[in-house]
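So this one's final-v1.csv, CSV, C-alpha atoms:
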chain,number,residue,atom,x,y,z
C,18,MET,CA,9.6,-36.3,-32.2
C,19,ALA,CA,10.2,-32.6,-32.1
C,20,GLU,CA,8.7,-30.9,-29.0
C,21,LYS,CA,6.5,-28.0,-29.8
C,22,LYS,CA,8.4,-24.8,-29.2
C,23,TYR,CA,7.0,-22.4,-26.7
C,24,ARG,CA,5.9,-19.1,-28.2
C,25,VAL,CA,7.1,-15.7,-26.9
C,26,VAL,CA,6.1,-12.2,-27.7
C,27,HIS,CA,8.6,-9.5,-27.0
C,28,TYR,CA,7.9,-5.8,-26.2
C,29,LEU,CA,10.4,-3.1,-27.1
C,30,ASN,CA,10.4,0.6,-27.3
C,31,GLN,CA,11.0,2.5,-30.5
C,32,PHE,CA,14.7,3.0,-29.8
C,33,TYR,CA,15.7,-0.6,-29.2
C,34,ALA,CA,13.5,-1.7,-32.1
C,35,GLY,CA,15.7,0.4,-34.3
C,36,ILE,CA,12.9,2.7,-35.5
C,37,GLY,CA,14.1,6.0,-34.1
C,38,GLY,CA,15.1,8.0,-31.1
C,39,GLU,CA,13.1,10.7,-29.2
C,40,ASP,CA,11.7,11.8,-32.6
C,41,LYS,CA,9.7,8.6,-32.7
C,42,ALA,CA,8.9,8.4,-29.0
C,43,ASN,CA,5.2,9.3,-29.7
C,44,MET,CA,4.6,6.3,-32.0
C,45,PRO,CA,1.6,4.2,-31.0
C,46,PRO,CA,2.0,0.4,-30.6
C,47,LEU,CA,2.5,-1.8,-33.6
C,48,ILE,CA,3.3,-5.5,-33.8
C,49,LYS,CA,5.6,-7.2,-36.3
C,50,GLU,CA,6.5,-10.8,-37.0
C,51,GLY,CA,9.7,-12.2,-35.6
C,52,VAL,CA,12.4,-10.5,-33.6
C,53,ALA,CA,13.9,-7.0,-33.4
C,54,GLY,CA,16.8,-5.4,-31.6
C,55,PRO,CA,17.7,-7.3,-28.4
C,56,GLY,CA,15.2,-9.9,-29.4
C,57,ILE,CA,17.9,-11.2,-31.8
C,58,PRO,CA,20.4,-12.3,-29.1
C,59,LEU,CA,17.5,-13.2,-26.9
C,60,GLN,CA,16.2,-15.7,-29.5
C,61,GLN,CA,19.7,-17.1,-29.8
C,62,ALA,CA,19.8,-17.6,-26.0
C,63,LEU,CA,16.4,-19.4,-26.2
C,64,GLY,CA,17.8,-21.8,-28.8
C,65,GLU,CA,15.5,-24.4,-30.3
C,66,GLU,CA,13.2,-24.6,-27.4
C,67,GLY,CA,11.4,-21.3,-27.7
C,68,GLU,CA,10.5,-18.9,-30.5
C,69,ILE,CA,9.9,-15.2,-30.3
C,70,VAL,CA,7.0,-15.1,-32.8
C,71,ALA,CA,6.4,-11.4,-32.7
C,72,THR,CA,7.6,-8.1,-31.4
C,73,VAL,CA,5.4,-5.3,-30.1
C,74,ILE,CA,7.0,-1.9,-30.5
C,75,CYS,CA,5.7,1.3,-28.9
C,76,GLY,CA,7.1,4.9,-28.4
C,77,ASP,CA,8.1,5.6,-24.8
C,78,SER,CA,6.3,8.9,-24.6
C,79,TYR,CA,3.2,7.5,-26.2
C,80,PHE,CA,3.0,4.8,-23.6
C,81,ALA,CA,3.9,7.0,-20.6
C,82,GLU,CA,1.3,9.5,-21.5
C,83,ASN,CA,-1.4,7.1,-22.1
C,84,ILE,CA,-0.6,4.1,-19.9
C,85,GLU,CA,-3.9,2.4,-19.8
C,86,THR,CA,-4.8,3.0,-23.4
C,87,ALA,CA,-1.4,1.9,-24.6
C,88,ALA,CA,-1.5,-1.2,-22.4
C,89,GLU,CA,-4.8,-2.2,-24.0
C,90,LYS,CA,-3.3,-1.6,-27.5
C,91,VAL,CA,-0.5,-3.9,-26.6
C,92,VAL,CA,-2.7,-6.6,-25.2
C,93,GLU,CA,-4.9,-6.9,-28.3
C,94,PRO,CA,-2.3,-7.8,-30.9
C,95,VAL,CA,-0.5,-10.0,-28.3
C,96,SER,CA,-3.6,-12.1,-27.8
C,97,SER,CA,-3.8,-12.8,-31.5
C,98,TYR,CA,-0.4,-14.5,-31.4
C,99,LYS,CA,-1.3,-16.7,-28.5
C,100,PRO,CA,2.1,-16.7,-26.9
C,101,ASP,CA,3.1,-18.8,-23.9
C,102,VAL,CA,5.3,-16.1,-22.5
C,103,PHE,CA,5.4,-12.3,-22.8
C,104,VAL,CA,8.7,-10.5,-22.2
C,105,ALA,CA,9.5,-6.8,-22.2
C,106,GLY,CA,12.7,-4.9,-22.3
C,107,PRO,CA,15.3,-4.9,-20.8
C,108,ALA,CA,14.6,-1.4,-19.6
C,109,PHE,CA,17.7,-0.8,-17.5
C,110,ASN,CA,17.2,2.6,-15.8
C,111,ALA,CA,15.0,4.2,-18.4
C,112,GLY,CA,11.9,5.4,-16.5
C,113,ARG,CA,9.3,5.7,-19.3
C,114,TYR,CA,10.5,2.4,-20.8
C,115,GLY,CA,10.4,0.8,-17.4
C,116,VAL,CA,6.8,1.9,-17.0
C,117,ALA,CA,5.9,0.7,-20.5
C,118,CYS,CA,7.5,-2.7,-19.8
C,119,GLY,CA,5.9,-3.0,-16.4
C,120,ALA,CA,2.5,-1.9,-17.6
C,121,SER,CA,2.5,-4.2,-20.7
C,122,CYS,CA,3.5,-7.2,-18.7
C,123,SER,CA,1.0,-6.4,-16.0
C,124,ALA,CA,-1.8,-6.0,-18.6
C,125,VAL,CA,-0.9,-9.1,-20.6
C,126,SER,CA,-0.6,-11.1,-17.4
C,127,LYS,CA,-3.9,-9.9,-16.0
C,128,LYS,CA,-6.0,-9.8,-19.1
C,129,LEU,CA,-4.7,-12.8,-21.0
C,130,GLY,CA,-3.4,-14.9,-18.1
C,131,ILE,CA,0.0,-15.2,-19.9
C,132,PRO,CA,3.1,-15.3,-17.7
C,133,ALA,CA,5.1,-12.1,-18.2
C,134,VAL,CA,8.6,-11.1,-17.3
C,135,THR,CA,10.6,-7.9,-17.7
C,136,ALA,CA,14.0,-6.6,-16.6
C,137,MET,CA,15.2,-3.4,-15.2
C,138,TYR,CA,17.7,-1.7,-12.8
C,139,LYS,CA,16.8,-1.7,-9.1
C,140,GLU,CA,16.4,2.1,-9.1
C,141,ASN,CA,14.1,2.3,-12.0
C,142,PRO,CA,11.0,4.1,-10.8
C,143,ALA,CA,8.8,1.6,-12.4
C,144,LEU,CA,10.1,-1.2,-10.2
C,145,ASP,CA,8.1,-0.4,-7.2
C,146,LEU,CA,5.0,0.2,-9.3
C,147,TYR,CA,4.9,-3.3,-10.8
C,148,ARG,CA,7.2,-5.6,-8.8
C,149,LYS,CA,4.3,-7.2,-7.0
C,150,GLU,CA,2.3,-8.1,-10.0
C,151,ILE,CA,4.9,-9.5,-12.4
C,152,TYR,CA,8.3,-11.0,-12.5
C,153,ILE,CA,11.0,-8.3,-12.8
C,154,ILE,CA,14.6,-9.4,-13.2
C,155,PRO,CA,17.4,-7.1,-12.0
C,156,THR,CA,19.8,-5.6,-14.6
C,157,ALA,CA,22.7,-3.2,-14.6
C,158,ASP,CA,21.8,0.5,-14.9
C,159,SER,CA,22.5,0.9,-18.6
C,160,VAL,CA,22.7,-0.9,-21.9
C,161,ARG,CA,26.3,-1.9,-21.0
C,162,GLY,CA,24.6,-4.6,-19.0
C,163,MET,CA,22.9,-6.1,-22.0
C,164,LYS,CA,25.3,-8.9,-22.3
C,165,GLU,CA,24.3,-10.2,-18.8
C,166,ALA,CA,20.7,-9.3,-19.1
C,167,ILE,CA,20.0,-11.5,-22.1
C,168,PRO,CA,21.0,-14.8,-20.6
C,169,ASP,CA,19.2,-13.9,-17.3
C,170,MET,CA,16.0,-13.1,-19.2
C,171,ALA,CA,16.3,-16.1,-21.4
C,172,GLY,CA,16.7,-18.4,-18.4
C,173,PHE,CA,13.5,-17.0,-16.9
C,174,ILE,CA,11.6,-17.1,-20.2
C,175,ARG,CA,12.6,-20.7,-20.6
C,176,LYS,CA,11.2,-21.6,-17.1
C,177,LEU,CA,8.0,-19.9,-17.8
C,178,GLY,CA,7.8,-21.4,-21.3
C,179,LEU,CA,8.4,-24.9,-20.1
C,180,GLY,CA,6.0,-24.4,-17.2
C,181,GLN,CA,8.6,-25.0,-14.6
C,182,GLU,CA,8.3,-23.7,-11.1
C,183,ILE,CA,9.9,-20.3,-10.5
C,184,GLY,CA,10.8,-20.6,-6.8
C,185,LEU,CA,12.0,-18.0,-4.4
C,186,PRO,CA,13.3,-14.6,-5.5
C,187,GLN,CA,16.8,-15.1,-4.3
C,188,GLU,CA,17.2,-18.4,-6.2
C,189,ALA,CA,15.3,-17.6,-9.3
C,190,GLY,CA,16.8,-14.1,-9.6
C,191,TYR,CA,13.9,-11.7,-9.6
C,192,PHE,CA,12.9,-8.8,-7.4
C,193,PRO,CA,10.9,-10.1,-4.3
C,194,HIS,CA,7.2,-9.6,-4.5
C,195,GLY,CA,6.9,-9.3,-0.8
C,196,ILE,CA,5.0,-12.5,-0.4
C,197,ARG,CA,5.7,-14.9,2.4
C,198,VAL,CA,5.9,-18.5,1.6
C,199,ASN,CA,6.1,-21.4,4.1
C,200,GLN,CA,8.9,-23.8,3.5
C,201,PHE,CA,10.2,-26.8,5.3
C,202,VAL,CA,13.9,-26.9,6.3
C,203,GLU,CA,16.0,-29.5,8.0
C,204,ARG,CA,17.2,-27.7,11.0
C,205,THR,CA,14.9,-26.2,13.6
C,206,GLY,CA,14.8,-22.5,14.2
C,207,ALA,CA,16.8,-22.9,17.4
C,208,GLU,CA,19.6,-24.8,15.6
C,209,ARG,CA,19.7,-22.2,12.9
C,210,ALA,CA,19.7,-19.3,15.3
C,211,VAL,CA,22.6,-20.8,17.4
C,212,ALA,CA,24.5,-21.6,14.2
C,213,MET,CA,24.1,-17.9,13.2
C,214,LEU,CA,25.2,-16.7,16.6
C,215,LEU,CA,28.3,-18.9,16.5
C,216,SER,CA,29.2,-17.5,13.1
C,217,LYS,CA,28.7,-14.0,14.4
C,218,LEU,CA,30.8,-14.6,17.4
C,219,LYS,CA,33.6,-16.1,15.3
C,220,GLY,CA,33.4,-13.1,13.0
C,221,GLU,CA,32.3,-15.3,10.2
C,222,PRO,CA,29.7,-14.2,7.6
C,223,PHE,CA,26.1,-15.1,8.2
C,224,GLN,CA,22.8,-14.5,6.5
C,225,THR,CA,20.0,-13.2,8.6
C,226,GLU,CA,16.6,-14.7,7.9
C,227,TYR,CA,14.9,-11.5,8.8
C,228,PRO,CA,16.5,-8.1,8.3
C,229,MET,CA,15.5,-5.8,11.1
C,230,PRO,CA,14.7,-2.1,10.4
C,231,THR,CA,17.2,0.3,11.8
C,232,PHE,CA,16.0,3.2,13.8
C,233,GLU,CA,17.7,6.6,14.1
C,234,ARG,CA,19.0,7.8,17.4
C,235,ILE,CA,17.7,11.2,18.0
C,236,PRO,CA,19.6,13.4,20.5
C,237,PRO,CA,17.6,14.0,23.7
C,238,SER,CA,15.9,17.4,23.8
C,239,PRO,CA,16.9,19.7,26.7
C,240,ALA,CA,14.8,19.5,29.8
C,241,ILE,CA,11.9,21.9,30.2
C,242,GLY,CA,13.1,25.1,31.9
C,243,ASP,CA,10.1,26.1,33.9
C,244,LEU,CA,7.2,23.6,34.1
C,245,ARG,CA,4.9,26.0,35.8
C,246,SER,CA,4.8,28.2,32.7
C,247,SER,CA,5.0,25.5,30.1
C,248,THR,CA,2.5,24.4,27.5
C,249,ILE,CA,2.2,20.7,27.3
C,250,ALA,CA,0.4,18.7,24.6
C,251,MET,CA,-0.9,15.2,24.5
C,252,VAL,CA,-0.3,12.8,21.7
C,253,THR,CA,-1.3,9.1,21.6
C,254,SER,CA,-0.8,6.1,19.5
C,255,GLY,CA,-3.5,4.4,21.4
C,256,GLY,CA,-6.4,5.4,19.1
C,257,ILE,CA,-8.5,7.5,21.4
C,258,VAL,CA,-10.9,9.4,19.2
C,259,PRO,CA,-14.3,11.0,19.5
C,260,LEU,CA,-17.2,8.5,19.6
C,261,GLY,CA,-17.8,7.2,16.1
C,262,ASN,CA,-14.2,7.7,15.0
C,263,PRO,CA,-15.3,10.6,12.7
C,264,ASP,CA,-12.0,10.6,10.8
C,265,ARG,CA,-12.1,6.9,10.3
C,266,ILE,CA,-8.6,6.2,11.6
C,267,GLU,CA,-8.0,2.6,10.8
C,268,ALA,CA,-7.8,-0.1,13.5
C,269,ALA,CA,-4.5,-1.3,12.0
C,270,SER,CA,-2.0,0.1,9.5
C,271,ALA,CA,-3.2,3.6,10.1
C,272,SER,CA,-2.9,5.8,7.0
C,273,LYS,CA,-3.5,9.0,9.0
C,274,PHE,CA,-3.4,10.8,12.2
C,275,ALA,CA,-6.1,13.2,13.5
C,276,GLU,CA,-6.3,16.4,15.6
C,277,TYR,CA,-9.1,17.0,18.1
C,278,ASN,CA,-9.9,20.0,20.2
C,279,ILE,CA,-10.3,19.3,24.0
C,280,ALA,CA,-10.7,22.9,25.1
C,281,GLY,CA,-13.2,22.9,28.0
C,282,VAL,CA,-13.1,19.1,28.3
C,283,ASP,CA,-12.0,17.9,31.7
C,284,ASP,CA,-12.6,14.2,31.4
C,285,LEU,CA,-12.9,11.7,28.7
C,286,THR,CA,-16.0,9.6,29.0
C,287,SER,CA,-17.4,6.6,27.2
C,288,ASP,CA,-20.4,8.5,25.8
C,289,ALA,CA,-18.1,10.9,24.0
C,290,TYR,CA,-14.9,9.1,23.2
C,291,GLN,CA,-13.7,5.6,22.3
C,292,THR,CA,-10.7,3.7,21.1
C,293,CYS,CA,-10.4,2.7,17.5
C,294,HIS,CA,-7.1,0.8,18.0
C,295,GLY,CA,-7.5,-2.8,16.9
C,296,GLY,CA,-4.4,-4.2,18.7
C,297,TYR,CA,-5.5,-4.4,22.3
C,298,ASP,CA,-8.6,-5.3,24.2
C,299,PRO,CA,-10.7,-2.1,23.9
C,300,VAL,CA,-12.9,-2.7,26.9
C,301,TYR,CA,-11.0,-0.7,29.4
C,302,ALA,CA,-10.2,2.2,27.1
C,303,ASN,CA,-13.8,2.4,26.0
C,304,ASP,CA,-15.0,2.3,29.5
C,305,ASP,CA,-12.7,5.2,30.5
C,306,PRO,CA,-10.6,6.7,27.7
C,307,ASP,CA,-8.5,8.6,30.2
C,308,ARG,CA,-6.8,5.2,30.8
C,309,VAL,CA,-5.0,5.8,27.4
C,310,LEU,CA,-5.2,9.5,27.0
C,311,PRO,CA,-4.9,10.9,30.6
C,312,LEU,CA,-6.9,14.1,30.1
C,313,ASP,CA,-8.5,14.1,33.6
C,314,ALA,CA,-5.1,13.9,35.2
C,315,MET,CA,-3.6,16.6,33.0
C,316,ARG,CA,-6.5,18.9,33.7
C,317,ALA,CA,-6.1,18.4,37.4
C,318,LEU,CA,-2.4,19.3,37.2
C,319,GLU,CA,-3.1,22.2,34.9
C,320,LYS,CA,-5.7,23.5,37.4
C,321,ASP,CA,-3.4,23.3,40.4
C,322,GLY,CA,-0.6,25.0,38.6
C,323,THR,CA,1.9,22.1,38.3
C,324,PHE,CA,2.2,23.1,34.7
C,325,GLY,CA,1.1,26.2,32.7
C,326,LYS,CA,-1.3,25.1,30.0
C,327,LEU,CA,-2.7,22.0,28.4
C,328,TYR,CA,-2.6,22.6,24.7
C,329,ASP,CA,-6.1,22.7,23.3
C,330,LEU,CA,-5.5,20.1,20.6
C,331,TYR,CA,-4.4,16.5,21.0
C,332,TYR,CA,-3.1,14.3,18.2
C,333,VAL,CA,-4.0,10.6,17.7
C,334,THR,CA,-3.2,7.7,15.5
C,335,VAL,CA,-3.2,4.0,15.9
C,336,GLY,CA,0.1,2.3,16.4
C,337,ASN,CA,-1.0,-1.1,15.4
C,338,ALA,CA,1.0,-2.5,12.4
C,339,THR,CA,1.4,1.1,11.3
C,340,SER,CA,4.3,1.3,8.9
C,341,ILE,CA,7.5,2.8,10.0
C,342,ALA,CA,7.4,5.2,7.1
C,343,ASN,CA,3.9,6.4,8.0
C,344,SER,CA,4.8,6.7,11.7
C,345,GLN,CA,7.8,8.8,10.9
C,346,LYS,CA,5.7,11.0,8.6
C,347,PHE,CA,3.0,11.5,11.2
C,348,GLY,CA,5.6,12.2,13.9
C,349,LYS,CA,7.2,14.9,11.8
C,350,GLU,CA,4.0,16.5,10.8
C,351,ILE,CA,2.7,16.5,14.4
C,352,ALA,CA,5.9,17.9,15.7
C,353,GLU,CA,5.9,20.7,13.1
C,354,LYS,CA,2.4,21.7,14.1
C,355,LEU,CA,3.2,21.6,17.8
C,356,LYS,CA,6.4,23.6,17.2
C,357,ALA,CA,4.5,26.2,15.3
C,358,ALA,CA,2.0,26.4,18.1
C,359,ARG,CA,4.9,27.0,20.6
C,360,VAL,CA,4.1,23.9,22.6
C,361,ASP,CA,7.0,23.3,25.1
C,362,ALA,CA,6.7,19.5,25.6
C,363,VAL,CA,4.7,16.5,24.7
C,364,ILE,CA,3.4,13.5,26.7
C,365,LEU,CA,3.1,10.6,24.2
C,366,THR,CA,1.1,7.7,25.4
C,367,SER,CA,1.3,4.2,23.9
C,368,THR,CA,-0.5,1.0,24.5
L,26,MET,CA,8.8,14.6,24.8
L,27,VAL,CA,8.3,11.8,27.3
L,28,HIS,CA,7.0,8.4,26.2
L,29,VAL,CA,4.6,6.8,28.6
L,30,ALA,CA,4.8,3.3,27.1
L,31,SER,CA,3.4,-0.1,27.9
L,32,ILE,CA,6.2,-1.9,26.1
L,33,VAL,CA,9.5,-0.3,27.2
L,34,PRO,CA,11.7,-2.4,24.9
L,35,ILE,CA,9.8,-1.1,21.9
L,36,SER,CA,10.1,2.5,23.1
L,37,LEU,CA,13.9,1.9,23.5
L,38,THR,CA,14.2,0.4,20.0
L,39,VAL,CA,12.4,3.2,18.3
L,40,GLY,CA,14.6,5.7,20.1
L,41,ALA,CA,12.6,7.5,22.8
L,42,ASN,CA,14.9,9.3,25.1
L,43,ARG,CA,12.6,9.8,28.1
L,44,ILE,CA,10.5,6.7,28.9
L,45,VAL,CA,8.1,6.1,31.7
L,46,PRO,CA,6.8,2.5,32.0
L,47,ALA,CA,3.0,2.3,31.8
L,48,VAL,CA,0.7,-0.1,33.7
L,49,ALA,CA,-0.5,-2.5,31.0
L,50,ILE,CA,-1.2,-2.6,27.3
L,51,PRO,CA,-5.0,-2.2,27.4
L,52,HIS,CA,-4.8,0.5,30.2
L,53,PRO,CA,-1.4,2.1,30.2
L,54,LEU,CA,-2.6,4.9,32.6
L,55,GLY,CA,-5.2,3.0,34.6
L,56,ASN,CA,-6.0,-0.2,36.5
L,57,PRO,CA,-9.6,-1.4,36.3
L,58,GLU,CA,-9.0,-3.7,39.3
L,59,LEU,CA,-8.7,-0.7,41.5
L,60,PRO,CA,-11.5,1.3,43.0
L,61,GLU,CA,-12.2,4.5,41.0
L,62,GLN,CA,-10.5,6.9,43.4
L,63,GLU,CA,-7.4,4.8,43.6
L,64,GLU,CA,-7.2,4.4,39.9
L,65,ARG,CA,-7.4,8.2,39.4
L,66,GLU,CA,-4.6,8.6,41.9
L,67,LEU,CA,-2.5,6.0,40.1
L,68,ARG,CA,-3.0,7.9,36.8
L,69,LEU,CA,-2.2,11.3,38.4
L,70,ASN,CA,1.0,9.9,39.9
L,71,LEU,CA,2.0,8.4,36.5
L,72,VAL,CA,1.4,11.7,34.8
L,73,LYS,CA,3.3,13.6,37.5
L,74,LYS,CA,6.2,11.2,36.9
L,75,ALA,CA,6.1,11.9,33.2
L,76,LEU,CA,6.1,15.7,33.9
L,77,ARG,CA,9.1,15.2,36.2
L,78,ALA,CA,11.0,13.3,33.5
L,79,LEU,CA,10.5,16.2,31.2
L,80,GLN,CA,12.5,18.3,33.6
L,81,VAL,CA,15.5,16.0,33.9
L,82,GLU,CA,18.5,16.6,31.6
L,83,VAL,CA,19.4,13.3,29.9
L,84,GLU,CA,22.3,12.4,27.7
L,85,LYS,CA,21.1,9.1,26.5
L,86,GLN,CA,17.9,7.0,26.5
L,87,THR,CA,16.6,6.9,30.1
L,88,VAL,CA,13.8,4.8,31.6
L,89,PHE,CA,12.3,6.5,34.6
L,90,GLU,CA,11.5,3.5,36.8
L,91,GLU,CA,11.7,4.9,40.3
Please render this file's structure as structure tokens.
Amino acid sequence: MAEKKYRVVHYLNQFYAGIGGEDKANMPPLIKEGVAGPGIPLQQALGEEGEIVATVICGDSYFAENIETAAEKVVEPVSSYKPDVFVAGPAFNAGRYGVACGASCSAVSKKLGIPAVTAMYKENPALDLYRKEIYIIPTADSVRGMKEAIPDMAGFIRKLGLGQEIGLPQEAGYFPHGIRVNQFVERTGAERAVAMLLSKLKGEPFQTEYPMPTFERIPPSPAIGDLRSSTIAMVTSGGIVPLGNPDRIEAASASKFAEYNIAGVDDLTSDAYQTCHGGYDPVYANDDPDRVLPLDAMRALEKDGTFGKLYDLYYVTVGNATSIANSQKFGKEIAEKLKAARVDAVILTST
Amino acid sequence: MVHVASIVPISLTVGANRIVPAVAIPHPLGNPELPEQEERELRLNLVKKALRALQVEVEKQTVFEE
């Protein structure tokens, strides 16, 4: 008894569908029966098990300029064909096409609940936009990689069409979604770590289970010349903010830093300041915020002439699960402001 | 810049060049177990240490233990 073929709808841009080049880039979506362009070799790769029943074609500029509308206009005809799988591209390194493929797949997947897959080059700007929502398979950077892209896509479509489990990105061959999945392995962590270390010591290749971020080494700044005439500023990652956290710095994964004026303030007290940092027991810092941002000590040393002036503004963020990218961004911006204000040095406090 | 940090290994990892170890995570520049006056002195001394570190030429990452 012949098994029912799984049904596939394929999305292409106007160029790959053979309709036209840039002159047709503004065409709105249309759907036609059967295959077009790369759909032909794709159908061959799918063999007898699956059938590309229809192809949606849309102009790259039309899509990129009206992403939401265009995506809706793709979803509608797709639903009438009731496919089991939706596939778009391959887009290689084409930005508009990548967006169109990603957005169509995302819309079809979300609105119709149909598994969707597309393929593009790792540097395609659309990758980061859609990688978490749909399956995106890596390809070469241009149509020269079509020969490899087709079987990769076909293999994936087949799995989706037959309802097979997709598995982890490395094995299944798609860009990681950034999702952590628990798995059982035979050897304990200790055994795997020692095995890895032995390989490393022997100069043999090994695969880390967790790539560590690398940090730049910044050359040390020269020592302060004359402390007694220097302007010092305070910065903290400990989340000390005015009571009520007026700028709503997040307790974790801070998306911002803030600047507050402490001119005339000699001491941080619990009725005026608090911590908003969610990564440590706040009781002591709320009780006396100087324990994290040492304003009282700084004032005392300013008053007795140990250093010249305490800068009127202090900077704060929360260093709790704050992304490295954001931390670097904040650091740069704060440094630029302090430099412009001719601050000589900074005391940065962290919890 | 001097980093008064509770977790020195983190400070080293991210590349701070002048590091002064702090007291504890929830109170880097304090100690709630101490009477008020002593705690204030502790903080004052820690800040003085930080200011001293700023005046020392360093060629590589340096933790000012003392």
Checklist entry - What residues in chain L lie within 8 Å of chain C, counting only C-alpha atoms, written as a ChimeraX atom specification? => result /L:26-32,38-43,49-57,65,68-69,72,75-76,79-86
Next on the checklist: Between CA of Ala166 in chain C and CA of Ala88 in chain C, what distance in Å does the model show, to one decimal?
Outcome noted: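 Here the two named atoms are 23.9 Å from each other.
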Item to check | Point-to-point distance in Å for CA of Gly64 in chain C and CA of Tyr114 in chain C | outcome: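 Computed distance, CA of Tyr114 in chain C to CA of Gly64 in chain C, equals 26.5 Å.
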Next on the checklist: To one decimal place in Å, what is the distance between CA of Glu50 in chain C and CA of Ile36 in chain C?
Outcome noted: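 Answer for the CA of Glu50 in chain C to CA of Ile36 in chain C separation: 15.0 Å.
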Checklist entry - Quick one: residues within 8 Å of range 128-132 of chain C, all atoms listed in the file counted, chain neighbours fewer than 2 positions away excluded, as an MDAnalysis selection string? => result chainID C and resid 92 96 100:103 124:126 134 177
C-alpha atoms of range 35-90 of chain L, written as a tab-separated table (two decimals), in the first residue's frame:
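For reference, result_15.tsv as written:
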chain	number	residue	atom	x	y	z
L	35	ILE	CA	36.10	37.58	38.05
L	36	SER	CA	37.83	40.93	38.16
L	37	LEU	CA	41.00	39.27	36.84
L	38	THR	CA	39.13	37.42	34.13
L	39	VAL	CA	37.46	40.52	32.77
L	40	GLY	CA	40.78	42.31	32.73
L	41	ALA	CA	40.86	44.86	35.55
L	42	ASN	CA	44.43	46.04	36.09
L	43	ARG	CA	44.18	47.43	39.60
L	44	ILE	CA	42.12	45.29	41.93
L	45	VAL	CA	41.37	45.74	45.62
L	46	PRO	CA	39.64	42.76	47.23
L	47	ALA	CA	36.40	43.74	48.92
L	48	VAL	CA	34.89	42.38	52.13
L	49	ALA	CA	31.95	40.28	50.93
L	50	ILE	CA	29.41	40.10	48.14
L	51	PRO	CA	26.44	41.70	49.93
L	52	HIS	CA	28.63	44.33	51.58
L	53	PRO	CA	31.85	44.86	49.65
L	54	LEU	CA	32.73	47.99	51.60
L	55	GLY	CA	31.17	47.18	54.94
L	56	ASN	CA	30.73	44.63	57.66
L	57	PRO	CA	27.36	44.58	59.44
L	58	GLU	CA	28.86	42.50	62.25
L	59	LEU	CA	31.00	45.41	63.35
L	60	PRO	CA	29.82	48.32	65.47
L	61	GLU	CA	29.03	51.39	63.37
L	62	GLN	CA	32.21	53.31	64.05
L	63	GLU	CA	34.44	50.35	63.30
L	64	GLU	CA	32.55	49.61	60.12
L	65	ARG	CA	33.01	53.18	58.95
L	66	GLU	CA	36.72	52.92	59.63
L	67	LEU	CA	36.89	49.66	57.71
L	68	ARG	CA	35.28	51.37	54.75
L	69	LEU	CA	37.52	54.39	55.00
L	70	ASN	CA	40.61	52.20	55.01
L	71	LEU	CA	39.40	50.21	52.04
L	72	VAL	CA	38.76	53.38	50.05
L	73	LYS	CA	42.18	54.75	51.06
L	74	LYS	CA	43.69	51.52	49.79
L	75	ALA	CA	41.87	51.97	46.50
L	76	LEU	CA	43.14	55.54	46.18
L	77	ARG	CA	46.67	54.36	46.90
L	78	ALA	CA	46.37	51.70	44.21
L	79	LEU	CA	45.50	54.43	41.73
L	80	GLN	CA	48.87	56.02	42.42
L	81	VAL	CA	50.92	52.89	41.76
L	82	GLU	CA	52.35	52.28	38.29
L	83	VAL	CA	51.47	48.75	37.20
L	84	GLU	CA	52.54	46.83	34.15
L	85	LYS	CA	50.15	43.97	34.48
L	86	GLN	CA	47.05	43.05	36.42
L	87	THR	CA	47.76	43.67	40.09
L	88	VAL	CA	45.77	42.67	43.14
L	89	PHE	CA	46.46	44.97	46.05
L	90	GLU	CA	46.19	42.53	48.95
